[in-house]
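Peer 1: Got a structure here, written out as structure tokens. Questions coming.
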Amino acid sequence: MKDKPAGIPLIATKVTHSFGNVNVLDNLNLEVSAGEVVVIVGPSGCGKTTLLNLLSGHIEPTSGSINRKGIIRTVYQQDGLFPWLTVSENISMGLRAMDDKTRLEREVLELLSLIHMEDFRNHYPHELSGGMRQRVELARVLAGDSDILLMDEPFSALDYQARLRMRRELNRLLEKRPRTVVFVTHDIEEAAQLADRVLVLSKRPATICRELNIAATRPRGLTDPPVIEAMNEILKELGLTSADSSEV
Amino acid sequence: MIKSNPLHFVLPLSVLVGVLSLWSLVSYIDLFPAYALPSPKSVLISFQEELTSGRLLNDIIASLWRVAIGFSLATLFGIPLGLWLGRKLNARQAFVPTLNFFRFLSPLAWIPFAILWFHIGDKPAIFLIFMATFFPLALATMVAVASIPSIYFRVAQDYDYKGFELLTKVTFPAVLPQVITALRVSYGIAWVVIVAAEMVGCQDGLGYGIWEARNGLRLDSAVAYMIVIGVLGTGIDRLLAQLTKLQGVRWGYER
């Protein structure tokens with residue numbers, strides 16, 4: 001394995017982005033420390049995914065700069081597994097450069113074991129449930145030397161129970177293989193259960209209107225006082241109350 | 001293991017037996033004169049004659065050879081062209097109207113050119129098969145590539161797939177199910193066209209056999225050849241259908 005890059009993995013400085021006449025992000029500053037889990041929430045259409053696309057380098061900001069240190073992997077809202085590859089082959093996509101095939105095989109087996117899917121290594125994505133496919137996506141982005149994980153509402157297509165299981169799964173995986181994570185969601189429960197820091201974006205043109213540090217240890221239950229407190233704070237910032245839905 | 005449903009075998013067999021019975025009945029009651037509709041028995045006798053003389057086998061081999069060469073050439077050039085056009089919007093805009101123009105020309109319209117350019121023998125028929133299958137294959141592949149979900153290319157970019165690796169590990173496998181379907185459809189066109197192609201400019205082949213039978217007013221022989229064409233076409237399509245059972249393409253047929 002290579003040495004981890006030194007310094008702050010992700011720094012966005014005075015980032016502004018427009019699509020034509022529509023100003024989406026306005027003078028946004030963001031630093032994400034190594035191993036930190038930052039969750040971004042905000043009103044629908046405020047530019048959360050645009051911010052993630054800027055951080056990944058898929059689009060360039062209209063103005064401002066973004067510094068990235070390390071290998072970035074993204075989990076998308078849509079199913080991003082290649083349907084023509086087996087579970088093992090999908091997981092090993094990021095390990096293609098590895099010369100030592102025995103090591104590659106060991107790494108894939110370890111990841112399969114981490115997501116408890118050893119028996120499904122030769123299955124194809126269409127033979128798996130939505131939750132299983134997301135676990136394979138997680139294993140794929142954790143494979144090898146990845147440093148930064150960008151996650152764009154990765155669990156939004158799953159049912160509520162599967163989402164709860166996936167949050168627990170992600171926490172467990174990050175404990176075994178720590179990564180710097182930027183996670184976009186519209187689910188406040190998800191934000192409060194996963195984040196070291198929650199960034200609340202304002203309406204478009206978005207800027208960070210609130211930062212909320214959550215110091216509670218993981219795994220966090222939905223009824224844990226710090227989680228409830230964080231959820232209330234986020235709801236307040238978004239102009240909602242706890243009587244409203246947890247999804248914004 | 002999944003048990004095969006006996007109905008899958010019995011139902012088509014019943015239809016076949018029904019058609020044969022109807023044909024026998026129509027022949028038996030002399031609804032049409034024998035020269036206009038040969039009886040199953042005369043067709044069977046004619047089939048035996050053609051088979052024992054070795055002519056039928058020779059014609060089968062000649063037709064299979066021409067279809068194989070023309071269809072392979074169309075595949076060799078059509079699929080790469082489709083892959084390229086599918087990824088290049090400007091090239092698509094430039095070439096698609098012309099490709100569509102040629103696609104709508106009946107391959108039979110090329111017969112005079114085929115004879116003038118290639119005279120007689122295998123070449124005119126191969127040329128006609130190529131012209132009949134190249135355009136549908138190229139266009140079907142192009143449409144398939146242009147419809148690949150953008151998420152696959154984003155993931156490919158994340159994992160540093162570029163150039164030839166992107167083409168062979170992402171683009172091609174992503175369209176393979178549609179390409180297999182296009183191959184089956186195009187092969188069907190090729191098999192239809194070979195009959196017409198061999199009626200001119202050839203001295204053997206299944207199409208030539210039908211033409212010869214027609215000239216000799218031997219419709220029993222023509223029907224025997226028609227049955228062989230149908231059986232061979234169906235058989236080869238069944239072989240191509242086996243491609244859809246490959247593990248790496250099953251996803252494309254299960255929705």
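Chain labels follow the order of the structure tokens: the first chain is A, the next B, and so on; residue numbering restarts at 1 in every chain, and ligands are counted from 1 in their shown order.
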Could you go through region 29-226 of chain A and tell me which residues DSSP, when run on the backbone, assigns to strand (DSSP E), listing them as a PyMOL selection string?
Peer 2: chain A and resi 29-32+37-41+63-68+71-75+146-152+180-184+197-201+208-213
Peer 1: What does the file look like for those residues with C-alpha atoms, as an mmCIF file, in the first residue's frame?
Peer 2:
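Output saved as again-v1.cif:
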```cif
data_model
loop_
_atom_site.group_PDB
_atom_site.id
_atom_site.type_symbol
_atom_site.label_atom_id
_atom_site.label_comp_id
_atom_site.auth_asym_id
_atom_site.auth_seq_id
_atom_site.Cartn_x
_atom_site.Cartn_y
_atom_site.Cartn_z
ATOM 1 C CA ASN A 29 -15.237 27.552 1.676
ATOM 2 C CA LEU A 30 -14.737 24.022 2.965
ATOM 3 C CA GLU A 31 -11.969 21.992 4.557
ATOM 4 C CA VAL A 32 -12.305 18.294 5.253
ATOM 5 C CA VAL A 37 -16.983 12.262 7.983
ATOM 6 C CA VAL A 38 -18.645 15.438 6.736
ATOM 7 C CA VAL A 39 -22.340 15.242 5.868
ATOM 8 C CA ILE A 40 -23.927 17.897 3.675
ATOM 9 C CA VAL A 41 -27.643 18.596 3.988
ATOM 10 C CA SER A 63 -14.379 30.605 -9.848
ATOM 11 C CA GLY A 64 -12.382 29.585 -6.805
ATOM 12 C CA SER A 65 -10.196 26.542 -6.342
ATOM 13 C CA ILE A 66 -10.345 22.993 -5.027
ATOM 14 C CA ASN A 67 -7.310 21.106 -3.743
ATOM 15 C CA ARG A 68 -7.518 17.333 -3.521
ATOM 16 C CA ILE A 71 -7.415 8.980 -4.604
ATOM 17 C CA ILE A 72 -11.091 9.855 -4.743
ATOM 18 C CA ARG A 73 -13.846 7.293 -5.143
ATOM 19 C CA THR A 74 -17.537 8.096 -5.506
ATOM 20 C CA VAL A 75 -20.704 6.208 -4.600
ATOM 21 C CA SER A 146 -8.590 5.114 -1.938
ATOM 22 C CA ASP A 147 -8.330 8.108 0.410
ATOM 23 C CA ILE A 148 -11.495 10.149 -0.050
ATOM 24 C CA LEU A 149 -15.035 8.816 -0.457
ATOM 25 C CA LEU A 150 -17.679 11.047 -1.974
ATOM 26 C CA MET A 151 -21.171 9.703 -1.437
ATOM 27 C CA ASP A 152 -24.152 11.185 -3.252
ATOM 28 C CA THR A 180 -12.164 10.859 4.568
ATOM 29 C CA VAL A 181 -15.848 11.051 3.669
ATOM 30 C CA VAL A 182 -18.105 13.733 2.205
ATOM 31 C CA PHE A 183 -21.653 12.417 2.279
ATOM 32 C CA VAL A 184 -24.590 14.216 0.701
ATOM 33 C CA ARG A 197 -19.609 17.390 11.162
ATOM 34 C CA VAL A 198 -22.834 18.414 9.436
ATOM 35 C CA LEU A 199 -22.797 21.284 6.956
ATOM 36 C CA VAL A 200 -26.176 22.853 6.292
ATOM 37 C CA LEU A 201 -26.401 24.572 2.922
ATOM 38 C CA ILE A 208 -22.701 27.010 4.215
ATOM 39 C CA CYS A 209 -25.173 28.533 6.651
ATOM 40 C CA ARG A 210 -24.433 26.273 9.621
ATOM 41 C CA GLU A 211 -21.726 23.881 10.784
ATOM 42 C CA LEU A 212 -22.581 21.386 13.460
ATOM 43 C CA ASN A 213 -20.018 19.135 15.164
#
```
Peer 1: When you get a sec, could you note down which chain B residues fall within 9 Å of chain A, using only C-alpha atoms, as a list in words?
Peer 2: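 Going by the stated atoms only, the list reads Ile151, Tyr152, Arg154, Val155, Gln157, Asp158, Tyr159, Asp160, Val170, Pro173, Ala174, Gln247, Gly248, Val249, Arg250, Trp251, Gly252, Glu254 and Arg255 of chain B.
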Peer 1: Using only C-alpha atoms, please write the residues we just selected to a file, as a PDB file, in the first residue's frame.
Peer 2:
```pdb
ATOM      1  CA  ILE B 151     -23.219   6.680 -14.764  1.00  0.00           C
ATOM      2  CA  TYR B 152     -21.068   3.910 -16.306  1.00  0.00           C
ATOM      3  CA  ARG B 154     -18.523   8.442 -14.700  1.00  0.00           C
ATOM      4  CA  VAL B 155     -17.579   5.317 -12.773  1.00  0.00           C
ATOM      5  CA  GLN B 157     -13.560   7.860 -15.224  1.00  0.00           C
ATOM      6  CA  ASP B 158     -13.315   7.442 -11.430  1.00  0.00           C
ATOM      7  CA  TYR B 159     -11.448   4.182 -11.940  1.00  0.00           C
ATOM      8  CA  ASP B 160      -9.224   5.587 -14.658  1.00  0.00           C
ATOM      9  CA  VAL B 170     -16.858  -0.613 -20.475  1.00  0.00           C
ATOM     10  CA  PRO B 173     -19.710  -4.974 -22.640  1.00  0.00           C
ATOM     11  CA  ALA B 174     -22.351  -2.310 -21.916  1.00  0.00           C
ATOM     12  CA  GLN B 247     -23.166 -15.067 -18.017  1.00  0.00           C
ATOM     13  CA  GLY B 248     -21.779 -11.626 -18.844  1.00  0.00           C
ATOM     14  CA  VAL B 249     -24.802 -10.600 -20.929  1.00  0.00           C
ATOM     15  CA  ARG B 250     -27.709 -12.140 -18.970  1.00  0.00           C
ATOM     16  CA  TRP B 251     -28.296  -8.766 -17.261  1.00  0.00           C
ATOM     17  CA  GLY B 252     -29.300  -7.270 -20.609  1.00  0.00           C
ATOM     18  CA  GLU B 254     -33.585  -9.670 -17.446  1.00  0.00           C
ATOM     19  CA  ARG B 255     -35.747  -6.714 -16.518  1.00  0.00           C
TER      20      ARG B 255
END
```
Peer 1: For region 16-19 of chain A, please output as a PyMOL selection string all residues within 9 Å (counting only C-alpha atoms; exclusion window: fewer than 5 positions along the same chain).
Peer 2: chain A and resi 24-28+50-51+54+60-64+205
Peer 1: Output as a ChimeraX atom specification all residues of region 111-189 of chain A that backbone DSSP marks as helix (DSSP H, G or I).
Peer 2: /A:111-114,118-120,125-127,130-142,160-176,188-189
Peer 1: Near Ile115 (chain A), within 9 Å and counting only C-alpha atoms, which residues show up once chain neighbours fewer than 3 positions away are dropped, as a VMD selection string?
Peer 2: chain A and resid 110 to 112 118 132 135 to 136 138 to 139 169 173
Peer 1: One number please: CA of Val26 (chain B) to CA of Gly230 (chain B), in Å, one decimal.
Peer 2: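 According to the coordinates, CA of Val26 (chain B) and CA of Gly230 (chain B) are separated by 21.4 Å.
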